[in-house]
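Structure file query_34.tsv (TSV, C-alpha atoms) is printed below.
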```tsv
chain	number	residue	atom	x	y	z
A	512	MET	CA	-2.72	11.32	25.20
A	513	GLU	CA	0.46	9.25	25.11
A	514	GLN	CA	2.28	11.86	23.03
A	515	ASN	CA	1.28	14.65	25.44
A	516	SER	CA	2.45	12.59	28.43
A	517	SER	CA	5.82	11.93	26.82
A	518	LYS	CA	6.12	15.61	25.99
A	519	ALA	CA	5.37	16.60	29.59
A	520	ALA	CA	7.95	14.13	30.86
A	521	PHE	CA	10.47	15.49	28.38
A	522	ILE	CA	10.25	19.11	29.57
A	523	SER	CA	8.90	18.78	33.13
A	524	TYR	CA	11.84	18.01	35.40
A	525	PRO	CA	14.42	20.47	34.02
A	526	PHE	CA	11.78	23.19	33.70
A	527	TYR	CA	10.28	22.69	37.16
A	528	ILE	CA	13.71	22.51	38.75
A	529	PHE	CA	14.43	25.88	37.14
A	530	ILE	CA	11.12	27.26	38.44
A	531	SER	CA	11.83	25.98	41.94
A	532	LEU	CA	15.32	27.50	41.99
A	533	LEU	CA	14.17	30.84	40.57
A	534	ILE	CA	11.23	31.28	42.93
A	535	GLY	CA	13.29	29.82	45.78
A	536	VAL	CA	15.96	32.53	45.37
A	537	ILE	CA	13.25	35.22	45.30
A	538	ALA	CA	11.63	33.58	48.35
A	539	VAL	CA	14.89	33.75	50.33
A	540	ILE	CA	15.21	37.48	49.59
A	541	GLY	CA	11.56	38.03	50.48
A	542	ILE	CA	11.87	36.12	53.78
A	543	ARG	CA	14.90	38.19	54.68
A	544	ASP	CA	13.01	41.46	54.01
A	545	LEU	CA	9.98	40.35	56.03
A	546	TRP	CA	12.17	39.12	58.88
A	547	LYS	CA	13.90	42.49	59.11
A	548	SER	CA	10.90	44.78	58.64
A	549	SER	CA	7.95	42.91	60.00
A	550	SER	CA	6.79	40.26	62.40
A	551	LEU	CA	7.35	36.53	62.47
A	552	THR	CA	3.74	35.99	61.41
A	553	TYR	CA	4.23	37.51	57.94
A	554	THR	CA	7.47	35.64	57.54
A	555	ALA	CA	5.82	32.30	58.36
A	556	LEU	CA	2.81	33.13	56.18
A	557	PHE	CA	5.02	34.00	53.19
A	558	SER	CA	7.07	30.86	53.66
A	559	PHE	CA	3.92	28.74	53.65
A	560	LEU	CA	2.46	30.51	50.59
A	561	ILE	CA	5.69	30.23	48.57
A	562	LEU	CA	6.03	26.53	49.37
A	563	LEU	CA	2.41	25.96	48.36
A	564	HIS	CA	3.02	27.95	45.17
A	565	ILE	CA	6.02	25.75	44.20
A	566	MET	CA	4.22	22.56	45.23
A	567	LEU	CA	1.29	23.35	42.91
A	568	PHE	CA	3.73	23.66	40.02
A	569	TRP	CA	5.00	20.15	40.66
A	570	LEU	CA	1.50	18.73	41.13
A	571	ASN	CA	0.49	20.11	37.74
A	572	ILE	CA	2.90	17.71	36.00
A	573	ARG	CA	0.49	14.79	36.44
A	574	GLN	CA	-2.81	16.64	36.54
A	575	TYR	CA	-2.57	19.16	33.71
A	576	GLU	CA	-4.61	17.00	31.26
A	577	ASN	CA	-7.57	16.92	33.65
A	578	SER	CA	-9.87	19.82	32.76
A	579	ARG	CA	-11.35	19.87	36.28
A	580	TRP	CA	-7.89	20.46	37.68
A	581	TRP	CA	-7.58	23.66	35.66
A	582	PHE	CA	-10.48	25.26	37.50
A	583	PHE	CA	-8.59	24.72	40.75
A	584	TYR	CA	-4.98	25.15	39.70
A	585	TYR	CA	-4.98	28.53	37.93
A	586	PRO	CA	-7.35	30.34	40.34
A	587	ALA	CA	-5.30	28.94	43.24
A	588	GLN	CA	-2.04	30.17	41.71
A	589	VAL	CA	-3.56	33.60	41.03
A	590	VAL	CA	-4.81	33.86	44.63
A	591	LEU	CA	-1.41	32.81	45.98
A	592	ILE	CA	0.36	35.39	43.80
A	593	VAL	CA	-2.03	38.15	44.93
A	594	ALA	CA	-1.55	37.19	48.57
A	595	MET	CA	2.27	37.08	48.35
A	596	VAL	CA	2.65	40.27	46.33
A	597	ASN	CA	0.59	42.29	48.84
A	598	LEU	CA	2.73	41.35	51.85
A	599	PRO	CA	4.70	44.24	53.45
A	600	PHE	CA	8.14	43.75	51.89
A	601	ALA	CA	10.92	46.22	52.61
A	602	SER	CA	11.95	46.39	48.92
A	603	ASP	CA	10.48	45.85	45.42
A	604	ILE	CA	10.87	42.12	45.73
A	605	ASN	CA	7.10	41.78	45.33
A	606	LEU	CA	7.32	43.10	41.77
A	607	THR	CA	10.09	40.62	40.96
A	608	LEU	CA	8.01	37.84	42.48
A	609	LEU	CA	4.95	38.92	40.46
A	610	GLY	CA	6.79	38.99	37.14
A	611	SER	CA	8.68	35.76	37.76
A	612	SER	CA	5.61	33.79	38.84
A	613	ILE	CA	3.53	35.00	35.88
A	614	LEU	CA	6.33	34.20	33.43
A	615	CYS	CA	6.71	30.75	34.99
A	616	LEU	CA	2.99	30.09	34.51
A	617	ILE	CA	3.12	31.28	30.90
A	618	GLY	CA	6.23	29.21	30.20
A	619	GLU	CA	4.59	26.21	31.85
A	620	SER	CA	1.53	26.48	29.60
A	621	LEU	CA	3.75	26.72	26.52
A	622	GLY	CA	5.76	23.72	27.66
A	623	LEU	CA	2.74	21.53	28.34
A	624	TRP	CA	0.44	22.51	25.46
A	625	GLY	CA	2.87	23.88	22.91
A	626	ASN	CA	2.08	26.73	20.52
A	627	THR	CA	-1.67	26.20	20.72
A	628	ARG	CA	-4.69	28.45	21.17
A	629	ARG	CA	-5.14	27.17	24.70
A	630	ALA	CA	-1.64	28.32	25.63
A	631	LEU	CA	-2.21	31.62	23.80
A	632	TYR	CA	-5.48	32.42	25.61
A	633	LEU	CA	-4.01	31.47	28.98
A	634	GLY	CA	-0.91	33.59	28.29
A	635	ILE	CA	-3.08	36.61	27.41
A	636	PHE	CA	-5.10	36.17	30.60
A	637	LEU	CA	-1.99	35.91	32.79
A	638	PHE	CA	-0.39	38.91	31.08
A	639	MET	CA	-3.51	41.04	31.68
A	640	PHE	CA	-3.55	39.86	35.29
A	641	MET	CA	0.09	40.97	35.64
A	642	VAL	CA	-0.69	44.39	34.16
A	643	VAL	CA	-3.55	44.88	36.62
A	644	MET	CA	-1.37	43.84	39.57
A	645	LEU	CA	1.41	46.18	38.43
A	646	TYR	CA	-1.07	49.02	38.19
A	647	LEU	CA	-2.20	48.37	41.76
A	648	GLN	CA	1.39	48.14	42.98
A	649	VAL	CA	3.15	51.03	41.20
A	650	GLY	CA	0.32	53.25	40.01
A	651	ARG	CA	-0.32	54.79	36.61
A	652	ASP	CA	2.89	56.81	36.44
A	653	ARG	CA	5.26	53.85	36.71
A	654	LEU	CA	3.02	51.31	34.95
A	655	LEU	CA	4.50	51.71	31.46
A	656	LEU	CA	8.05	51.42	32.77
A	657	ALA	CA	7.22	48.34	34.84
A	658	VAL	CA	5.41	46.59	31.96
A	659	SER	CA	8.30	47.39	29.60
A	660	SER	CA	10.78	45.95	32.06
A	661	MET	CA	8.69	42.79	32.42
A	662	LEU	CA	8.44	42.39	28.64
A	663	VAL	CA	12.17	42.83	28.13
A	664	ASN	CA	13.09	40.40	30.89
A	665	GLY	CA	10.38	37.83	30.15
A	666	GLY	CA	10.00	38.16	26.40
A	667	PHE	CA	13.24	36.28	25.76
A	668	ILE	CA	12.10	33.35	27.89
A	669	VAL	CA	8.71	33.20	26.17
A	670	LEU	CA	10.34	33.41	22.72
A	671	LEU	CA	12.74	30.63	23.69
A	672	MET	CA	9.84	28.41	24.75
A	673	VAL	CA	8.00	29.10	21.49
A	674	MET	CA	11.05	28.11	19.44
A	675	PHE	CA	11.56	25.03	21.59
A	676	ASN	CA	7.93	24.00	21.01
A	677	GLN	CA	8.37	24.44	17.27
A	678	GLN	CA	11.40	22.16	17.24
A	679	LEU	CA	9.60	19.61	19.40
A	680	ALA	CA	6.59	19.66	17.06
A	681	GLU	CA	8.87	19.07	14.06
A	682	ARG	CA	10.49	16.20	15.91
A	683	GLN	CA	7.11	14.61	16.65
A	684	LYS	CA	6.08	15.01	12.99
A	685	ALA	CA	9.29	13.29	11.92
A	686	GLU	CA	8.60	10.42	14.33
A	687	GLU	CA	5.01	10.08	13.08
A	688	LEU	CA	6.26	10.13	9.49
A	689	ALA	CA	8.79	7.41	10.32
A	690	GLU	CA	6.04	5.30	11.89
A	691	SER	CA	3.82	5.85	8.85
A	692	LEU	CA	6.64	4.84	6.52
A	693	GLU	CA	7.30	1.74	8.59
A	694	SER	CA	3.63	0.81	8.45
A	695	ALA	CA	3.53	1.47	4.70
A	696	ASN	CA	6.62	-0.68	4.20
A	697	ALA	CA	4.99	-3.50	6.15
A	698	LYS	CA	1.85	-3.25	4.01
A	699	LEU	CA	3.98	-3.11	0.86
A	700	ALA	CA	5.86	-6.24	1.94
A	701	ALA	CA	2.56	-8.04	2.56
A	702	SER	CA	1.24	-6.93	-0.83
A	703	SER	CA	4.46	-8.02	-2.52
A	704	ALA	CA	4.15	-11.46	-0.93
A	705	LYS	CA	0.55	-11.72	-2.13
A	706	ILE	CA	1.49	-10.60	-5.64
A	707	GLU	CA	4.34	-13.11	-5.68
A	708	SER	CA	1.94	-15.87	-4.67
A	709	LEU	CA	-0.57	-14.89	-7.37
A	710	THR	CA	2.22	-14.62	-9.95
A	711	LEU	CA	3.46	-18.09	-9.05
A	712	GLN	CA	-0.08	-19.47	-9.35
A	713	ASN	CA	-0.58	-17.83	-12.75
A	714	GLU	CA	2.80	-19.10	-13.90
A	715	ARG	CA	1.85	-22.63	-12.91
A	716	GLN	CA	-1.40	-22.36	-14.86
A	717	ARG	CA	0.45	-20.93	-17.85
A	718	MET	CA	3.03	-23.72	-17.80
A	719	ALA	CA	0.30	-26.36	-17.52
A	720	ARG	CA	-1.45	-24.82	-20.53
A	721	GLU	CA	1.75	-24.49	-22.56
A	722	LEU	CA	2.94	-28.01	-21.81
A	723	HIS	CA	-0.46	-29.41	-22.70
A	724	ASP	CA	-0.48	-27.56	-26.00
A	725	THR	CA	3.02	-28.81	-26.87
A	726	LEU	CA	3.64	-32.16	-25.23
A	727	ALA	CA	0.06	-33.45	-25.10
A	728	GLN	CA	-0.84	-32.38	-28.62
A	729	GLY	CA	2.52	-33.52	-29.97
A	730	VAL	CA	2.34	-36.92	-28.34
A	731	ALA	CA	-1.27	-37.33	-29.43
A	732	GLY	CA	-0.22	-36.62	-33.02
A	733	LEU	CA	2.58	-39.15	-32.76
A	734	VAL	CA	0.16	-41.76	-31.42
A	735	LEU	CA	-2.14	-41.16	-34.38
A	736	GLN	CA	0.77	-41.44	-36.81
A	737	LEU	CA	2.02	-44.64	-35.20
A	738	GLU	CA	-1.47	-46.11	-35.37
A	739	ALA	CA	-1.52	-45.23	-39.07
A	740	VAL	CA	1.88	-46.93	-39.51
A	741	LYS	CA	0.54	-50.03	-37.78
A	742	ALA	CA	-2.48	-50.10	-40.09
A	743	HIS	CA	-0.34	-49.69	-43.21
A	744	LEU	CA	2.06	-52.43	-42.14
A	745	ARG	CA	-0.82	-54.85	-41.65
A	746	ALA	CA	-1.91	-54.09	-45.17
A	747	ASN	CA	1.68	-54.51	-46.45
A	748	ARG	CA	1.86	-50.85	-47.51
A	749	THR	CA	5.44	-50.49	-46.38
A	750	GLU	CA	6.25	-47.42	-48.44
A	751	ARG	CA	3.36	-45.48	-46.97
A	752	ALA	CA	4.27	-46.69	-43.48
A	753	SER	CA	7.89	-45.64	-44.02
A	754	ALA	CA	6.80	-42.17	-45.13
A	755	ILE	CA	4.66	-41.75	-42.03
A	756	VAL	CA	7.55	-42.90	-39.84
A	757	GLU	CA	9.71	-40.15	-41.37
A	758	GLN	CA	6.95	-37.66	-40.65
A	759	SER	CA	6.71	-38.97	-37.08
A	760	ILE	CA	10.42	-38.41	-36.56
A	761	ILE	CA	10.09	-34.85	-37.80
A	762	ARG	CA	7.00	-34.38	-35.61
A	763	ALA	CA	8.81	-35.76	-32.55
A	764	ARG	CA	11.76	-33.41	-33.05
A	765	SER	CA	9.42	-30.46	-33.53
A	766	THR	CA	7.47	-31.37	-30.40
A	767	LEU	CA	10.70	-31.63	-28.40
A	768	ALA	CA	11.86	-28.23	-29.62
A	769	GLU	CA	8.49	-26.62	-28.84
A	770	SER	CA	8.44	-28.18	-25.37
A	771	ARG	CA	11.87	-26.80	-24.57
A	772	ALA	CA	10.83	-23.39	-25.85
A	773	ALA	CA	7.67	-23.48	-23.73
A	774	ILE	CA	9.65	-24.35	-20.61
A	775	ASP	CA	12.13	-21.55	-21.25
A	776	ASP	CA	9.32	-19.20	-22.32
A	777	LEU	CA	11.21	-18.41	-25.52
A	778	ARG	CA	8.64	-19.23	-28.16
A	779	ALA	CA	8.07	-16.51	-30.70
A	780	ALA	CA	5.32	-15.99	-33.17
A	781	PRO	CA	5.96	-17.70	-36.53
A	782	ALA	CA	7.53	-15.55	-39.23
A	783	ASN	CA	4.95	-16.66	-41.81
A	784	LEU	CA	1.52	-17.12	-40.30
A	785	THR	CA	-0.03	-18.61	-43.43
A	786	GLU	CA	2.63	-21.32	-43.61
A	787	ALA	CA	2.19	-22.07	-39.90
A	788	VAL	CA	-1.56	-22.61	-40.37
A	789	ARG	CA	-1.07	-24.76	-43.48
A	790	GLU	CA	1.58	-26.83	-41.68
A	791	LYS	CA	-0.84	-27.66	-38.88
A	792	ILE	CA	-3.51	-28.66	-41.40
A	793	ASP	CA	-1.07	-30.82	-43.36
A	794	ARG	CA	0.11	-32.60	-40.22
A	795	PHE	CA	-3.47	-33.31	-39.25
A	796	THR	CA	-4.35	-34.68	-42.68
A	797	GLN	CA	-1.23	-36.84	-42.93
A	798	ALA	CA	-1.70	-38.24	-39.42
A	799	THR	CA	-5.44	-38.98	-39.66
A	800	GLY	CA	-6.19	-39.25	-43.36
A	801	ILE	CA	-9.22	-37.02	-42.81
A	802	PRO	CA	-9.71	-34.47	-45.63
A	803	CYS	CA	-9.43	-30.92	-44.33
A	804	GLU	CA	-10.57	-27.95	-46.38
A	805	LEU	CA	-8.73	-24.73	-45.53
A	806	GLU	CA	-10.11	-21.27	-46.19
A	807	ILE	CA	-7.41	-18.76	-45.24
A	808	SER	CA	-6.85	-15.05	-45.70
A	809	VAL	CA	-4.11	-13.09	-43.94
A	810	ASN	CA	-3.97	-9.38	-44.72
A	811	LYS	CA	-2.06	-6.78	-42.68
A	812	ASN	CA	-1.49	-8.82	-39.55
A	813	ARG	CA	-1.36	-6.37	-36.64
A	814	LEU	CA	-2.14	-8.83	-33.88
A	815	SER	CA	0.37	-9.20	-31.07
A	816	PRO	CA	2.63	-12.28	-31.13
A	817	GLU	CA	0.92	-13.53	-27.97
A	818	THR	CA	-2.53	-13.36	-29.54
A	819	THR	CA	-1.31	-15.10	-32.69
A	820	SER	CA	0.29	-17.85	-30.62
A	821	HIS	CA	-2.91	-18.37	-28.62
A	822	ALA	CA	-4.97	-18.58	-31.83
A	823	LEU	CA	-2.62	-21.19	-33.34
A	824	ASN	CA	-2.81	-23.27	-30.18
A	825	ILE	CA	-6.61	-23.12	-30.23
A	826	LEU	CA	-6.49	-24.42	-33.81
A	827	SER	CA	-4.11	-27.23	-32.80
A	828	GLU	CA	-6.27	-28.25	-29.86
A	829	SER	CA	-9.41	-28.25	-32.01
A	830	LEU	CA	-7.78	-30.53	-34.60
A	831	THR	CA	-6.42	-32.82	-31.87
A	832	ASN	CA	-9.88	-33.20	-30.35
A	833	ILE	CA	-11.34	-34.04	-33.77
A	834	ALA	CA	-8.70	-36.71	-34.36
A	835	ARG	CA	-9.16	-38.29	-30.95
A	836	HIS	CA	-12.90	-38.04	-30.33
A	837	ALA	CA	-15.02	-36.79	-33.23
A	838	GLN	CA	-14.90	-39.78	-35.64
A	839	ALA	CA	-15.30	-37.22	-38.41
A	840	THR	CA	-14.81	-37.81	-42.13
A	841	GLN	CA	-14.51	-34.19	-43.18
A	842	VAL	CA	-13.16	-30.99	-41.58
A	843	HIS	CA	-13.41	-27.36	-42.64
A	844	VAL	CA	-11.08	-24.69	-41.22
A	845	LYS	CA	-11.53	-20.95	-41.78
A	846	TRP	CA	-8.77	-18.49	-40.80
A	847	MET	CA	-9.57	-14.87	-41.62
A	848	LEU	CA	-7.17	-12.21	-40.35
A	849	GLN	CA	-7.10	-8.51	-41.21
A	850	ASP	CA	-5.42	-5.84	-39.10
A	851	GLN	CA	-6.41	-6.69	-35.51
A	852	ASN	CA	-9.48	-8.72	-36.42
A	853	LEU	CA	-9.24	-12.49	-36.45
A	854	GLU	CA	-11.92	-15.12	-37.05
A	855	LEU	CA	-11.05	-18.78	-36.62
A	856	GLU	CA	-13.63	-21.47	-37.28
A	857	VAL	CA	-13.09	-25.23	-37.11
A	858	ARG	CA	-16.05	-27.36	-38.22
A	859	ASP	CA	-16.35	-31.15	-38.51
A	860	ASN	CA	-19.09	-33.69	-39.32
A	861	GLY	CA	-18.33	-35.99	-36.38
A	862	LYS	CA	-20.55	-37.44	-33.69
A	863	GLY	CA	-20.44	-34.33	-31.50
A	864	PHE	CA	-20.53	-34.13	-27.71
A	865	ASP	CA	-22.40	-32.47	-24.86
A	866	VAL	CA	-20.90	-28.99	-24.49
A	867	ASN	CA	-22.60	-28.55	-21.10
A	868	GLN	CA	-20.96	-31.62	-19.61
A	869	LYS	CA	-18.11	-30.84	-17.24
A	870	SER	CA	-14.76	-32.16	-18.45
A	871	ASN	CA	-12.92	-32.82	-15.19
A	872	GLY	CA	-9.16	-33.06	-15.63
A	873	SER	CA	-9.28	-32.07	-19.31
A	874	TYR	CA	-6.87	-29.25	-20.03
A	875	GLY	CA	-7.91	-29.05	-23.69
A	876	LEU	CA	-11.19	-27.16	-23.53
A	877	VAL	CA	-10.14	-25.39	-20.33
A	878	GLY	CA	-6.97	-24.18	-22.04
A	879	MET	CA	-8.88	-22.97	-25.09
A	880	HIS	CA	-11.25	-20.89	-22.95
A	881	GLU	CA	-8.31	-19.56	-20.94
A	882	ARG	CA	-6.49	-18.51	-24.10
A	883	ALA	CA	-9.60	-16.74	-25.39
A	884	ARG	CA	-9.86	-14.87	-22.09
A	885	LEU	CA	-6.20	-13.82	-22.18
A	886	THR	CA	-6.53	-12.38	-25.69
A	887	GLY	CA	-9.77	-10.58	-24.92
A	888	GLY	CA	-11.55	-12.63	-27.57
A	889	THR	CA	-14.60	-14.89	-27.48
A	890	LEU	CA	-14.73	-18.65	-27.88
A	891	SER	CA	-17.99	-20.39	-28.74
A	892	ILE	CA	-18.53	-24.15	-29.12
A	893	GLU	CA	-21.61	-25.66	-30.72
A	894	SER	CA	-22.03	-29.41	-31.05
A	895	ASN	CA	-24.75	-31.92	-31.92
A	896	ASN	CA	-25.13	-35.24	-33.71
A	897	ASP	CA	-24.23	-33.60	-37.04
A	898	GLY	CA	-20.84	-32.37	-35.84
A	899	THR	CA	-19.05	-29.65	-33.88
A	900	CYS	CA	-18.21	-26.04	-34.67
A	901	ILE	CA	-15.58	-24.12	-32.68
A	902	GLN	CA	-15.36	-20.39	-33.35
A	903	PHE	CA	-12.73	-18.03	-31.92
A	904	ILE	CA	-13.04	-14.31	-32.63
A	905	VAL	CA	-10.73	-11.44	-31.65
A	906	GLY	CA	-11.39	-7.77	-32.31
A	907	ARG	CA	-14.95	-8.07	-33.57
A	908	SER	CA	-18.14	-7.12	-31.74
```
Representation of the structure as structure tokens:
Amino acid sequence: MEQNSSKAAFISYPFYIFISLLIGVIAVIGIRDLWKSSSLTYTALFSFLILLHIMLFWLNIRQYENSRWWFFYYPAQVVLIVAMVNLPFASDINLTLLGSSILCLIGESLGLWGNTRRALYLGIFLFMFMVVMLYLQVGRDRLLLAVSSMLVNGGFIVLLMVMFNQQLAERQKAEELAESLESANAKLAASSAKIESLTLQNERQRMARELHDTLAQGVAGLVLQLEAVKAHLRANRTERASAIVEQSIIRARSTLAESRAAIDDLRAAPANLTEAVREKIDRFTQATGIPCELEISVNKNRLSPETTSHALNILSESLTNIARHAQATQVHVKWMLQDQNLELEVRDNGKGFDVNQKSNGSYGLVGMHERARLTGGTLSIESNNDGTCIQFIVGRS
């Protein structure tokens, strides 16, 4: 509705001024003929009819979208044209008036409704009406000549209106496309903001997990080693205490390096996976004194560096939890890797814990489950009074 109103406003005033001037010139000639050849009554009647004819054109600007108005407007215009054309003019001005009025109505329909079926059907009706009126005015002998003259004179105007409508339709499509693009850009901006927010949230979770697996585990290992140093010093085992202090220094430097790498997101998968696993087991044994049996097999490692890193961190967290909470005297670790299949199992004979109990604020177990989810693997934890078994599997059904 709004688009049609703007279109009518765009074409109405110049077009209706042209109509008024064209029919006004014809009206002046017709009034002069009637004044010379007939009575004052016909002259006054023609003047009234031509003014009413022009006034209806202008009224149609605001009423053309009302379907009820059509049933009044077009029959009224047809009746007015019939009445004016049949007045006793001294010349063929009635034929000029007939052709001009019909062409104005056809051009008006094209201007208001564009190149539509409604305008086409109305144009066909008005053209047939003009042919009938020409037949009644000039007879069969001159009908073909009169119709040809009307087509030549009016065809250019109709063709011009059709081309104008085509350009206007393309302009409206361009405006609608621009509005659609603007709306799409607004939606894209909103989606980008949402994605940025989710990315920031995921990055915070990742950093919390990485820092826990580096700083927390590293500091926990240092605490265990310092406790071992304290125990050895009380027992006057200074050599053993000194050795553990050296290991603690190395551990502290390693933890610092890993923490910096985690912050900068520059950690890479270890070059030798077997050595990396053995190093974690050796650190655990040296720090806690708990015997740890390792069963390891690495054959054709085709896991991604991210998956390997997650698996190593799950191993580290499992050993840290054993050292801090399990009170175990023996640990068994199994690391089986072939192609893209990995099975990690960490088993101890400690006191166990309730796996169904919520661990509020503990990033350890939460981080392990999160790492399993990120790799597409499965993490299962079983625990009772005889100990705990943590199993992480990737690539196996």
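Closest to Ser829 of chain A among A:Arg813, A:His843, A:Arg751, A:Lys698 is A:His843, based on all atoms listed in the file.
Considering the residues A:Arg653, A:His564, A:Arg789, A:Arg573 and counting only C-alpha atoms, Cys615 of chain A has its shortest atom-to-atom contact with A:His564.
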Using only C-alpha atoms, which residues sit within 9 Å of Gly634 of chain A once same-chain residues fewer than 6 positions away are excluded, as a VMD selection string? chain A and resid 613 to 614 616 to 618 620 to 621
If you count only C-alpha atoms, which residues fall within 12 Å of Val643 of chain A, apart from same-chain ones fewer than 2 positions away, as a list in words? Val593, Leu609, Gly610, Phe636, Leu637, Phe638, Met639, Phe640, Met641, Leu645, Tyr646, Leu647, Gln648, Val649, Gly650, Arg651, Leu654, Leu655, Ala657 and Val658 of chain A
Given the selection you just returned, output its residues as a file containing C-alpha atoms, formatted as a short mmCIF file (atom, residue, chain, number, x, y, z; two decimals), in the coordinates of the input.
```cif
data_model
loop_
_atom_site.label_atom_id
_atom_site.label_comp_id
_atom_site.auth_asym_id
_atom_site.auth_seq_id
_atom_site.Cartn_x
_atom_site.Cartn_y
_atom_site.Cartn_z
CA VAL A 593 -2.03 38.15 44.93
CA LEU A 609 4.95 38.92 40.46
CA GLY A 610 6.79 38.99 37.14
CA PHE A 636 -5.10 36.17 30.60
CA LEU A 637 -1.99 35.91 32.79
CA PHE A 638 -0.39 38.91 31.08
CA MET A 639 -3.51 41.04 31.68
CA PHE A 640 -3.55 39.86 35.29
CA MET A 641 0.09 40.97 35.64
CA LEU A 645 1.41 46.18 38.43
CA TYR A 646 -1.07 49.02 38.19
CA LEU A 647 -2.20 48.37 41.76
CA GLN A 648 1.39 48.14 42.98
CA VAL A 649 3.15 51.03 41.20
CA GLY A 650 0.32 53.25 40.01
CA ARG A 651 -0.32 54.79 36.61
CA LEU A 654 3.02 51.31 34.95
CA LEU A 655 4.50 51.71 31.46
CA ALA A 657 7.22 48.34 34.84
CA VAL A 658 5.41 46.59 31.96
#
```
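Taking atom CA of Val809 of chain A and atom CA of Thr785 of chain A as the two end points, the separation is 6.9 Å.
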Ile592 of chain A surroundings by only C-alpha atoms, 12 Å radius, close-in-sequence under 4 positions cut, as a ChimeraX atom specification: /A:534,557,560-565,585-588,596-598,605-613,615-616,637,640-641,644
Pick the closest to Arg543 of chain A from A:Phe903, A:Phe526, A:Ala601, A:Arg579: which is it, counting only C-alpha atoms? A:Ala601
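In this comparison, which uses only C-alpha atoms, the residue of A:Ile904, A:Leu567, A:Ile604, A:Leu805 approaching Leu545 of chain A most closely is A:Ile604.
For the pair atom CA of Glu576 of chain A and atom CA of Leu591 of chain A, the interatomic distance is 21.8 Å.
The space separating atom CA of Gly898 of chain A from atom CA of Glu804 of chain A comes to 15.4 Å.
Minimum atom-to-atom distance to Trp569 of chain A, evaluated using only C-alpha atoms, belongs to A:Ile530 out of A:Ile635, A:Ile530, A:Met661, A:Ile801.
Among the candidate residues A:Met879, A:Val842, A:Met847, A:Leu733, the one lying nearest to Thr899 of chain A is A:Val842, with distances computed using only C-alpha atoms.
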